[in-house]
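Asker: So here's input_4.cif, just mmCIF, C-alpha atoms and all ligand atoms:
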data_model
loop_
_atom_site.label_atom_id
_atom_site.label_comp_id
_atom_site.auth_asym_id
_atom_site.auth_seq_id
_atom_site.Cartn_x
_atom_site.Cartn_y
_atom_site.Cartn_z
CA SER A 737 74.89 146.35 70.60
CA PRO A 738 74.09 149.36 68.42
CA SER A 739 75.67 152.55 69.72
CA ASP A 740 74.13 156.01 69.69
CA PRO A 741 75.29 157.64 66.41
CA ASP A 742 75.72 161.06 68.08
CA LEU A 743 78.03 159.60 70.70
CA VAL A 744 79.98 157.68 68.07
CA GLU A 745 80.50 160.92 66.16
CA ARG A 746 81.55 162.81 69.30
CA ALA A 747 84.04 160.12 70.30
CA ARG A 748 85.49 160.11 66.80
CA ALA A 749 85.80 163.91 66.72
CA ALA A 750 87.46 164.14 70.15
CA LYS A 751 89.88 161.33 69.33
CA GLU A 752 90.80 162.99 66.04
CA LYS A 753 91.42 166.31 67.81
CA LEU A 754 93.77 164.59 70.27
CA GLY A 755 95.64 162.75 67.50
CA ASP A 756 98.86 161.02 68.62
CA LYS A 757 98.53 162.54 72.09
CA VAL A 758 96.02 159.85 73.04
CA PHE A 759 96.28 156.08 72.88
CA VAL A 760 93.18 154.05 73.71
CA LEU A 761 93.59 150.56 75.18
CA GLY A 762 90.65 148.14 75.06
CA HIS A 763 90.59 145.05 77.25
CA HIS A 764 89.10 141.92 75.65
CA TYR A 765 86.15 142.04 78.07
CA GLN A 766 85.03 145.53 77.06
CA ARG A 767 81.77 146.30 75.24
CA ASP A 768 81.74 146.47 71.41
CA GLU A 769 80.73 150.17 71.59
CA VAL A 770 84.02 150.85 73.40
CA ILE A 771 86.23 148.36 71.53
CA GLN A 772 85.48 150.14 68.23
CA PHE A 773 87.59 153.08 69.50
CA ALA A 774 90.50 151.01 70.85
CA ASP A 775 93.86 151.52 69.15
CA VAL A 776 94.84 148.10 70.46
CA THR A 777 93.07 145.24 72.26
CA GLY A 778 94.51 142.62 74.57
CA ASP A 779 94.70 141.19 78.06
CA SER A 780 95.86 143.38 80.92
CA PHE A 781 99.56 142.60 80.61
CA LYS A 782 99.75 142.99 76.84
CA LEU A 783 97.94 146.33 77.08
CA ALA A 784 100.31 147.68 79.75
CA ARG A 785 103.26 146.80 77.50
CA ASP A 786 101.57 148.29 74.44
CA ALA A 787 101.13 151.55 76.35
CA ALA A 788 104.80 151.60 77.38
CA ALA A 789 105.75 151.14 73.71
CA ARG A 790 103.95 154.43 72.84
CA PRO A 791 105.95 157.06 74.77
CA GLU A 792 104.68 159.84 72.44
CA ALA A 793 101.14 159.31 73.77
CA GLU A 794 100.67 161.75 76.65
CA TYR A 795 97.29 160.25 77.56
CA ILE A 796 96.69 156.51 77.88
CA VAL A 797 92.96 155.90 78.11
CA PHE A 798 92.57 152.46 79.71
CA CYS A 799 89.23 150.86 78.89
CA GLY A 800 89.39 148.13 81.51
CA VAL A 801 89.41 148.04 85.32
CA HIS A 802 91.35 149.88 88.03
CA PHE A 803 94.22 147.43 88.66
CA MET A 804 94.95 147.38 84.93
CA ALA A 805 95.25 151.16 84.81
CA GLU A 806 97.60 150.99 87.81
CA SER A 807 99.78 148.41 86.04
CA ALA A 808 99.88 150.61 82.94
CA ASP A 809 100.95 153.58 85.09
CA ILE A 810 103.72 151.46 86.66
CA LEU A 811 105.06 150.32 83.29
CA THR A 812 104.75 153.62 81.38
CA GLY A 813 106.91 156.73 81.62
CA ASP A 814 106.34 159.41 84.27
CA ASP A 815 105.11 161.92 81.69
CA GLN A 816 102.43 159.53 80.41
CA LYS A 817 99.10 159.97 82.15
CA VAL A 818 96.88 156.93 82.52
CA VAL A 819 93.16 157.64 82.59
CA LEU A 820 90.31 155.29 83.62
CA PRO A 821 86.99 156.44 82.07
CA ASP A 822 84.97 155.44 85.16
CA LEU A 823 86.68 155.40 88.55
CA ALA A 824 84.07 152.91 89.82
CA ALA A 825 85.39 150.25 87.41
CA GLY A 826 87.16 148.08 89.99
CA CYS A 827 87.68 144.32 90.09
CA SER A 828 86.00 142.25 92.78
CA MET A 829 88.87 139.76 92.74
CA ALA A 830 91.55 142.42 93.20
CA ASP A 831 89.47 143.93 96.02
CA MET A 832 89.55 140.59 97.87
CA ALA A 833 93.17 141.19 98.91
CA THR A 834 93.86 144.51 100.65
CA ALA A 835 97.26 145.78 101.82
CA GLU A 836 96.19 145.46 105.49
CA GLN A 837 94.96 141.89 105.07
CA VAL A 838 98.11 140.80 103.29
CA ALA A 839 100.35 142.44 105.92
CA GLU A 840 98.39 140.56 108.59
CA CYS A 841 98.81 137.32 106.65
CA TRP A 842 102.57 137.84 106.61
CA ASP A 843 102.47 138.23 110.42
CA VAL A 844 100.55 134.94 110.66
CA LEU A 845 103.18 133.21 108.49
CA THR A 846 105.93 134.75 110.61
CA ASP A 847 104.32 133.58 113.87
CA ALA A 848 103.95 130.06 112.44
CA GLY A 849 107.69 130.12 111.69
CA VAL A 850 107.28 129.67 107.92
CA ALA A 851 107.59 133.19 106.48
CA ASP A 852 111.26 132.74 105.59
CA GLN A 853 110.33 129.75 103.39
CA VAL A 854 107.49 131.55 101.60
CA VAL A 855 107.73 133.26 98.21
CA PRO A 856 104.69 135.35 97.20
CA VAL A 857 103.37 134.98 93.66
CA SER A 858 100.64 137.46 92.77
CA TYR A 859 98.35 137.33 89.80
CA MET A 860 98.32 140.41 87.57
CA ASN A 861 94.73 140.90 88.76
CA SER A 862 95.73 142.57 92.02
CA SER A 863 96.16 146.12 93.27
CA ALA A 864 99.48 147.99 93.04
CA ASP A 865 99.73 147.61 96.86
CA ILE A 866 99.66 143.82 96.56
CA LYS A 867 102.19 143.89 93.74
CA ALA A 868 104.45 146.06 95.94
CA PHE A 869 104.06 143.62 98.87
CA THR A 870 105.09 140.85 96.47
CA GLY A 871 108.15 142.78 95.32
CA ARG A 872 109.22 143.59 98.89
CA HIS A 873 109.10 139.93 99.90
CA GLY A 874 111.12 138.60 96.98
CA GLY A 875 108.18 137.42 94.89
CA THR A 876 106.96 137.76 91.34
CA ILE A 877 103.81 138.64 89.42
CA CYS A 878 102.23 136.17 87.00
CA THR A 879 99.56 136.19 84.32
CA SER A 880 97.29 133.32 83.37
CA SER A 881 99.75 132.56 80.54
CA ASN A 882 102.91 132.23 82.63
CA ALA A 883 101.63 131.07 86.04
CA GLU A 884 103.39 127.70 85.74
CA ARG A 885 106.76 129.30 84.95
CA ALA A 886 106.27 131.76 87.80
CA LEU A 887 105.55 128.94 90.25
CA GLU A 888 108.53 126.91 89.05
CA TRP A 889 110.75 129.94 89.61
CA ALA A 890 109.23 130.57 93.05
CA PHE A 891 109.82 126.98 94.17
CA GLU A 892 113.49 127.42 93.26
CA GLN A 893 113.61 130.40 95.66
CA GLY A 894 111.73 128.83 98.57
CA GLU A 895 109.78 125.80 99.76
CA LYS A 896 106.34 127.40 99.82
CA VAL A 897 104.32 129.79 97.72
CA LEU A 898 101.73 132.30 98.92
CA PHE A 899 99.50 132.71 95.86
CA LEU A 900 97.40 135.91 95.64
CA PRO A 901 94.55 136.70 95.11
CA ASP A 902 92.93 134.04 92.86
CA GLN A 903 92.71 130.66 94.57
CA HIS A 904 91.53 129.00 91.34
CA LEU A 905 94.44 130.05 89.13
CA GLY A 906 96.81 129.04 91.93
CA ARG A 907 95.20 125.66 92.53
CA ASN A 908 94.71 124.87 88.84
CA THR A 909 98.32 125.65 88.03
CA ALA A 910 99.72 123.70 90.98
CA VAL A 911 97.53 120.62 90.54
CA ARG A 912 96.76 120.50 86.83
CA ASP A 913 100.05 121.79 85.41
CA MET A 914 102.61 120.89 88.06
CA GLY A 915 101.34 117.61 89.44
CA MET A 916 100.89 118.72 93.04
CA SER A 917 98.01 117.23 94.99
CA LEU A 918 95.01 119.07 96.39
CA GLU A 919 96.39 118.23 99.85
CA ASP A 920 99.51 120.28 99.09
CA CYS A 921 97.24 123.37 98.95
CA VAL A 922 95.64 125.20 101.87
CA LEU A 923 93.21 128.11 101.72
CA TYR A 924 94.02 131.26 103.68
CA ASN A 925 90.80 133.06 104.62
CA PRO A 926 91.55 136.73 105.43
CA HIS A 927 88.26 137.01 107.33
CA LYS A 928 89.21 134.38 109.92
CA PRO A 929 91.76 134.61 112.75
CA ASN A 930 95.10 133.23 111.53
CA GLY A 931 93.51 132.77 108.11
CA GLY A 932 91.56 129.83 109.54
CA LEU A 933 94.73 127.72 109.51
CA SER A 934 96.80 126.12 112.26
CA ALA A 935 100.58 126.54 112.39
CA GLU A 936 100.88 122.84 111.55
CA GLU A 937 98.71 123.19 108.44
CA LEU A 938 100.89 126.08 107.32
CA ARG A 939 104.07 124.06 107.96
CA ASN A 940 102.77 121.12 105.89
CA ALA A 941 101.45 123.16 102.96
CA LYS A 942 103.33 123.84 99.73
CA MET A 943 100.76 126.21 98.23
CA ILE A 944 99.07 128.74 100.48
CA LEU A 945 96.15 129.99 98.38
CA TRP A 946 94.53 133.33 99.15
CA ARG A 947 90.75 132.97 99.35
CA GLY A 948 89.89 135.19 96.38
CA HIS A 949 88.09 134.43 93.16
CA CYS A 950 86.64 136.04 90.05
CA SER A 951 82.91 136.70 90.39
CA VAL A 952 82.43 135.91 86.69
CA HIS A 953 84.70 132.91 86.00
CA GLY A 954 84.02 131.41 89.43
CA ARG A 955 80.38 130.89 88.45
CA PHE A 956 80.86 128.36 85.67
CA SER A 957 79.86 124.89 86.87
CA VAL A 958 80.49 121.25 86.01
CA GLU A 959 76.75 120.98 85.23
CA SER A 960 77.14 123.61 82.51
CA VAL A 961 79.98 121.54 80.99
CA ASN A 962 77.85 118.37 81.08
CA ASP A 963 74.82 120.21 79.66
CA VAL A 964 76.70 121.67 76.71
CA ARG A 965 78.23 118.28 75.87
CA GLU A 966 74.73 116.82 75.75
CA ARG A 967 73.31 119.69 73.72
CA ILE A 968 76.19 119.93 71.21
CA PRO A 969 77.75 116.53 70.46
CA GLY A 970 81.46 116.81 69.66
CA VAL A 971 81.79 120.24 71.30
CA ASN A 972 85.23 121.34 72.55
CA VAL A 973 84.98 122.89 76.00
CA LEU A 974 87.58 125.64 76.50
CA VAL A 975 87.73 127.53 79.80
CA HIS A 976 89.85 130.16 81.53
CA PRO A 977 92.03 129.01 84.49
CA GLU A 978 90.13 131.41 86.80
CA CYS A 979 87.35 128.79 86.71
CA LYS A 980 86.94 126.35 89.60
CA HIS A 981 89.20 123.30 89.72
CA GLU A 982 86.38 120.84 88.96
CA VAL A 983 85.30 122.89 85.92
CA VAL A 984 88.85 122.98 84.60
CA ALA A 985 89.11 119.21 85.19
CA ALA A 986 85.90 118.63 83.19
CA ALA A 987 86.97 120.87 80.26
CA ASP A 988 88.93 119.79 77.18
CA HIS A 989 91.23 122.83 77.06
CA VAL A 990 92.27 125.52 79.52
CA GLY A 991 93.94 128.83 78.78
CA SER A 992 94.19 132.60 79.06
CA THR A 993 92.13 134.95 76.90
CA GLU A 994 95.00 135.25 74.41
CA TYR A 995 95.20 131.42 74.31
CA ILE A 996 91.44 131.17 73.71
CA ILE A 997 91.61 133.62 70.78
CA LYS A 998 94.55 131.78 69.19
CA ALA A 999 92.86 128.38 69.66
CA LEU A 1000 89.76 129.63 67.85
CA GLU A 1001 91.83 131.20 65.08
CA ALA A 1002 93.53 127.83 64.55
CA ALA A 1003 90.33 125.78 64.85
CA PRO A 1004 89.16 123.96 61.71
CA ALA A 1005 85.96 124.95 59.91
CA GLY A 1006 82.99 122.96 61.17
CA SER A 1007 84.37 122.68 64.72
CA LYS A 1008 82.19 123.48 67.72
CA TRP A 1009 83.29 125.29 70.85
CA ALA A 1010 81.83 126.18 74.24
CA ILE A 1011 83.83 128.94 75.88
CA GLY A 1012 84.02 129.69 79.62
CA THR A 1013 85.21 133.28 79.88
CA GLU A 1014 83.71 136.80 79.86
CA LEU A 1015 80.60 137.21 77.69
CA ASN A 1016 81.63 140.33 75.71
CA LEU A 1017 84.67 138.46 74.40
CA VAL A 1018 82.78 135.23 73.68
CA ARG A 1019 80.08 137.10 71.71
CA ARG A 1020 82.67 138.97 69.69
CA LEU A 1021 84.51 135.74 68.88
CA ALA A 1022 81.24 133.98 67.95
CA ASN A 1023 80.42 136.78 65.49
CA ARG A 1024 83.94 136.95 64.12
CA PHE A 1025 84.23 133.23 63.39
CA ALA A 1026 80.64 132.55 62.27
CA ALA A 1027 81.66 133.31 58.67
CA GLU A 1028 84.35 130.61 58.90
CA ASP A 1029 81.72 128.07 59.96
CA LYS A 1030 83.03 127.72 63.52
CA GLU A 1031 80.21 127.37 66.01
CA ILE A 1032 81.06 129.21 69.23
CA VAL A 1033 78.70 129.28 72.22
CA PHE A 1034 78.92 130.71 75.74
CA LEU A 1035 79.45 127.90 78.24
CA ASP A 1036 76.75 128.92 80.71
CA LYS A 1037 73.82 131.21 79.94
CA THR A 1038 73.28 132.01 83.63
CA VAL A 1039 76.69 133.72 83.88
CA CYS A 1040 76.68 137.45 83.10
CA PHE A 1041 79.06 140.13 81.91
CA CYS A 1042 81.74 141.38 84.27
CA SER A 1043 79.70 144.24 85.74
CA THR A 1044 82.68 146.46 86.53
CA MET A 1045 84.22 145.99 83.07
CA ASN A 1046 80.83 147.00 81.67
CA ARG A 1047 80.85 150.27 83.61
CA ILE A 1048 83.09 151.62 80.87
CA ASP A 1049 80.54 152.48 78.21
CA LEU A 1050 80.39 154.87 75.28
CA PRO A 1051 79.09 157.85 77.33
CA HIS A 1052 82.04 157.52 79.76
CA LEU A 1053 84.50 157.20 76.89
CA VAL A 1054 83.06 160.28 75.15
CA TRP A 1055 83.23 162.31 78.38
CA THR A 1056 86.85 161.22 78.89
CA LEU A 1057 88.01 161.97 75.35
CA GLU A 1058 86.20 165.32 75.20
CA SER A 1059 87.63 166.35 78.57
CA LEU A 1060 91.17 165.48 77.46
CA ALA A 1061 90.64 167.26 74.13
CA GLU A 1062 89.70 170.40 76.12
CA GLY A 1063 92.91 170.10 78.14
CA ASN A 1064 91.10 168.82 81.22
CA LEU A 1065 92.89 165.83 82.73
CA VAL A 1066 90.19 163.69 84.36
CA ASN A 1067 90.26 160.36 86.24
CA ARG A 1068 94.03 160.01 86.29
CA ILE A 1069 95.32 156.81 87.93
CA GLN A 1070 98.67 157.44 89.55
CA VAL A 1071 100.55 154.97 91.75
CA ASP A 1072 102.70 156.61 94.44
CA PRO A 1073 106.48 156.34 93.84
CA GLU A 1074 107.26 154.01 96.78
CA THR A 1075 104.53 151.53 95.81
CA GLU A 1076 105.52 151.82 92.16
CA LYS A 1077 109.16 151.01 92.93
CA TYR A 1078 108.39 147.65 94.58
CA ALA A 1079 105.51 146.74 92.29
CA LYS A 1080 107.84 147.31 89.35
CA LEU A 1081 110.45 145.07 90.96
CA ALA A 1082 107.88 142.24 91.10
CA LEU A 1083 106.82 142.89 87.50
CA GLU A 1084 110.44 142.91 86.37
CA ARG A 1085 110.99 139.51 88.01
CA MET A 1086 108.11 138.23 85.89
CA LEU A 1087 109.63 139.73 82.73
CA ALA A 1088 112.90 137.97 83.55
CA LEU A 1089 111.28 134.52 83.98
CA PRO A 1090 112.89 131.90 81.73
O1 LIG A 1101 89.74 137.89 84.23
C1 LIG A 1101 90.36 138.89 83.87
O2 LIG A 1101 90.02 140.00 84.23
C2 LIG A 1101 91.54 138.76 83.02
C3 LIG A 1101 91.82 137.49 82.40
C4 LIG A 1101 92.30 139.82 82.90
C5 LIG A 1101 93.54 139.94 82.20
O3 LIG A 1101 93.54 140.43 81.09
O4 LIG A 1101 94.59 139.58 82.73
FE1 LIG A 1102 87.95 141.05 87.93
FE2 LIG A 1102 86.76 138.82 87.07
FE3 LIG A 1102 85.96 141.16 86.14
FE4 LIG A 1102 88.34 140.17 85.47
S1 LIG A 1102 86.37 139.31 84.91
S2 LIG A 1102 87.91 142.28 86.05
S3 LIG A 1102 88.96 139.12 87.37
S4 LIG A 1102 85.81 140.46 88.29
#
Written as structure tokens, that's how I'd like the structure from this file.
Ligand code: CIZ
Ligand code: SF4
Answerer:
Amino acid sequence: SPSDPDLVERARAAKEKLGDKVFVLGHHYQRDEVIQFADVTGDSFKLARDAAARPEAEYIVFCGVHFMAESADILTGDDQKVVLPDLAAGCSMADMATAEQVAECWDVLTDAGVADQVVPVSYMNSSADIKAFTGRHGGTICTSSNAERALEWAFEQGEKVLFLPDQHLGRNTAVRDMGMSLEDCVLYNPHKPNGGLSAEELRNAKMILWRGHCSVHGRFSVESVNDVRERIPGVNVLVHPECKHEVVAAADHVGSTEYIIKALEAAPAGSKWAIGTELNLVRRLANRFAAEDKEIVFLDKTVCFCSTMNRIDLPHLVWTLESLAEGNLVNRIQVDPETEKYAKLALERMLALP
């Protein structure tokens, strides 16, 4: 999308004035008008590590959503200030697991007599509170690239896993990658008494899946896979593991955003791809690889952008950079020290995974 030339100029001028003091991170799902100012792009975990590798940058401007800025604050030094250009850029999936709900869930597991067998594994896409809960109870964080390794580790520590907050990543990893059955998984619904589960169901389960999902990836359907195969003979269907189990089962390939980018880089000229992930990224990849004669389409035209990712636009970025350039620290995301301590413990367990 074409960006307002005045705003482009203002963003450029403010960024130049800040120099090495600012480092701009751009998540893969951000708009083109924002990505053009990113010093680095990546998924949430890569970006948090990139920020930590730039200790000279006093301001880390995180063009992404709230939980990502929290993770960056946890992994960066105390004198680095993480800034989110629009405080309303949350994540509906992360919001589906609150600290109160998860504490209540632990009480339910305790009452059922299973808590001492349960190891929490939380997806990166969760609040700092949930990461801290995970750290306190001996668990680890995972990304969509290392979920299988995280689960293998967890099943060495205990007999059961409580997987938060994305039921689809949890189920897909357990069933597709690790050979568990759908019956090994139960769904914990935080809006029902006892999660909607009996003590016996909890005792028999191996995977206790939190009832959360991504409002973007969760909307791809098996029909859209069938339709694209009919429309584009020979198409390779590649989807993110946040998609529903039946969509993942119908696809040819499944992987994280970084996996998707690498797969398309390695794809031969003349190949055709239908991609099931966020639209900003798919459009950018389609444009980038068109010159190499790779045909890349969005899996389902009825699925939209991630609306909260899209809240970060050029006007918000300009306001943020100009404020910082004037010495005005706006929209800082700061995790409190106690939460940070345990969230970091969970993140460090992930970094130590084999
Ligand atoms: O769905 C998302 O928001 C993803 C894949 C985020 C990330 O980068 O981990
Ligand atoms: Fe959250 Fe889904 Fe948006 Fe990612 S794409 S930020 S998981 S709502």
Asker: Atom O1 of ligand LIG 1101 (chain A) to CA of Cys979 (chain A): how many Å, to one decimal?
Answerer: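 CA of Cys979 (chain A) lies 9.7 Å from atom O1 of ligand LIG 1101 (chain A).
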Asker: Distance limit 8 Å, reference ligand LIG 1101 (chain A), atoms considered: only C-alpha atoms and all ligand atoms. Which residues make the cut? Give them as a PDB file with C-alpha atoms, keeping the file's coordinate frame.
Answerer:
ATOM      1  CA  HIS A 763      90.590 145.050  77.250  1.00  0.00           C
ATOM      2  CA  HIS A 764      89.100 141.920  75.650  1.00  0.00           C
ATOM      3  CA  TYR A 765      86.150 142.040  78.070  1.00  0.00           C
ATOM      4  CA  GLY A 778      94.510 142.620  74.570  1.00  0.00           C
ATOM      5  CA  ASP A 779      94.700 141.190  78.060  1.00  0.00           C
ATOM      6  CA  SER A 780      95.860 143.380  80.920  1.00  0.00           C
ATOM      7  CA  PHE A 781      99.560 142.600  80.610  1.00  0.00           C
ATOM      8  CA  LYS A 782      99.750 142.990  76.840  1.00  0.00           C
ATOM      9  CA  CYS A 827      87.680 144.320  90.090  1.00  0.00           C
ATOM     10  CA  MET A 860      98.320 140.410  87.570  1.00  0.00           C
ATOM     11  CA  ASN A 861      94.730 140.900  88.760  1.00  0.00           C
ATOM     12  CA  THR A 879      99.560 136.190  84.320  1.00  0.00           C
ATOM     13  CA  SER A 880      97.290 133.320  83.370  1.00  0.00           C
ATOM     14  CA  CYS A 950      86.640 136.040  90.050  1.00  0.00           C
ATOM     15  CA  VAL A 952      82.430 135.910  86.690  1.00  0.00           C
ATOM     16  CA  HIS A 953      84.700 132.910  86.000  1.00  0.00           C
ATOM     17  CA  HIS A 976      89.850 130.160  81.530  1.00  0.00           C
ATOM     18  CA  GLU A 978      90.130 131.410  86.800  1.00  0.00           C
ATOM     19  CA  SER A 992      94.190 132.600  79.060  1.00  0.00           C
ATOM     20  CA  THR A 993      92.130 134.950  76.900  1.00  0.00           C
ATOM     21  CA  THR A1013      85.210 133.280  79.880  1.00  0.00           C
ATOM     22  CA  GLU A1014      83.710 136.800  79.860  1.00  0.00           C
TER      23      GLU A1014
END
Asker: If the limit is 9 Å from any atom of ligand LIG 1102 (chain A), counting only C-alpha atoms and all ligand atoms, which residues qualify? Return them as a count of residues only.
Answerer: 31
Asker: Extract, using all atoms listed in the file, all DNA, RNA and protein residues at most 9 Å from Lys817 (chain A), discarding same-chain residues fewer than 2 positions from it, and format them as a VMD selection string.
Answerer: chain A and resid 793 to 797 809 812 to 815 819 1065 1068 to 1070
Asker: For CA of Gly871 (chain A) and CA of Ala787 (chain A), quote the distance in Å rounded to one decimal.
Answerer: 22.0 Å
Asker: Using only C-alpha atoms, find the one residue out of A:Leu887, A:Ala833, A:Leu761, A:Val838 that sits nearest to Gly948 (chain A).
Answerer: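 Nearest to Gly948 (chain A): A:Ala833.
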Asker: Go through A:Gly849, A:Pro856, A:Gly762, A:Gly970 one by one, measure the shortest atom-to-atom distance of each to Leu820 (chain A) using all atoms listed in the file, and give the residue with the smallest value.
Answerer: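 Answer, going by the shortest atom-to-atom distance: A:Gly762.
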Asker: Which is closer to Ala935 (chain A) than all the others in A:His989, A:Ile996, A:Ile877, A:Ala848, using all atoms listed in the file?
Answerer: A:Ala848
Asker: Mind checking which residues fall within 12 Å of Phe891 (chain A), counting all atoms listed in the file, ignoring those fewer than 6 positions away in the same chain, and posting them as a PyMOL selection string?
Answerer: chain A and resi 853-857+875-876+884-885+897-899+910+914+942-943
Asker: Pick out the closest residue to Ala1005 (chain A) from this set: A:Met916, A:Ile1032, A:Ala788, A:Ile771. Count only C-alpha atoms.
Answerer: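 Of A:Met916, A:Ile1032, A:Ala788, A:Ile771, the one nearest Ala1005 (chain A), counting only C-alpha atoms, is A:Ile1032.
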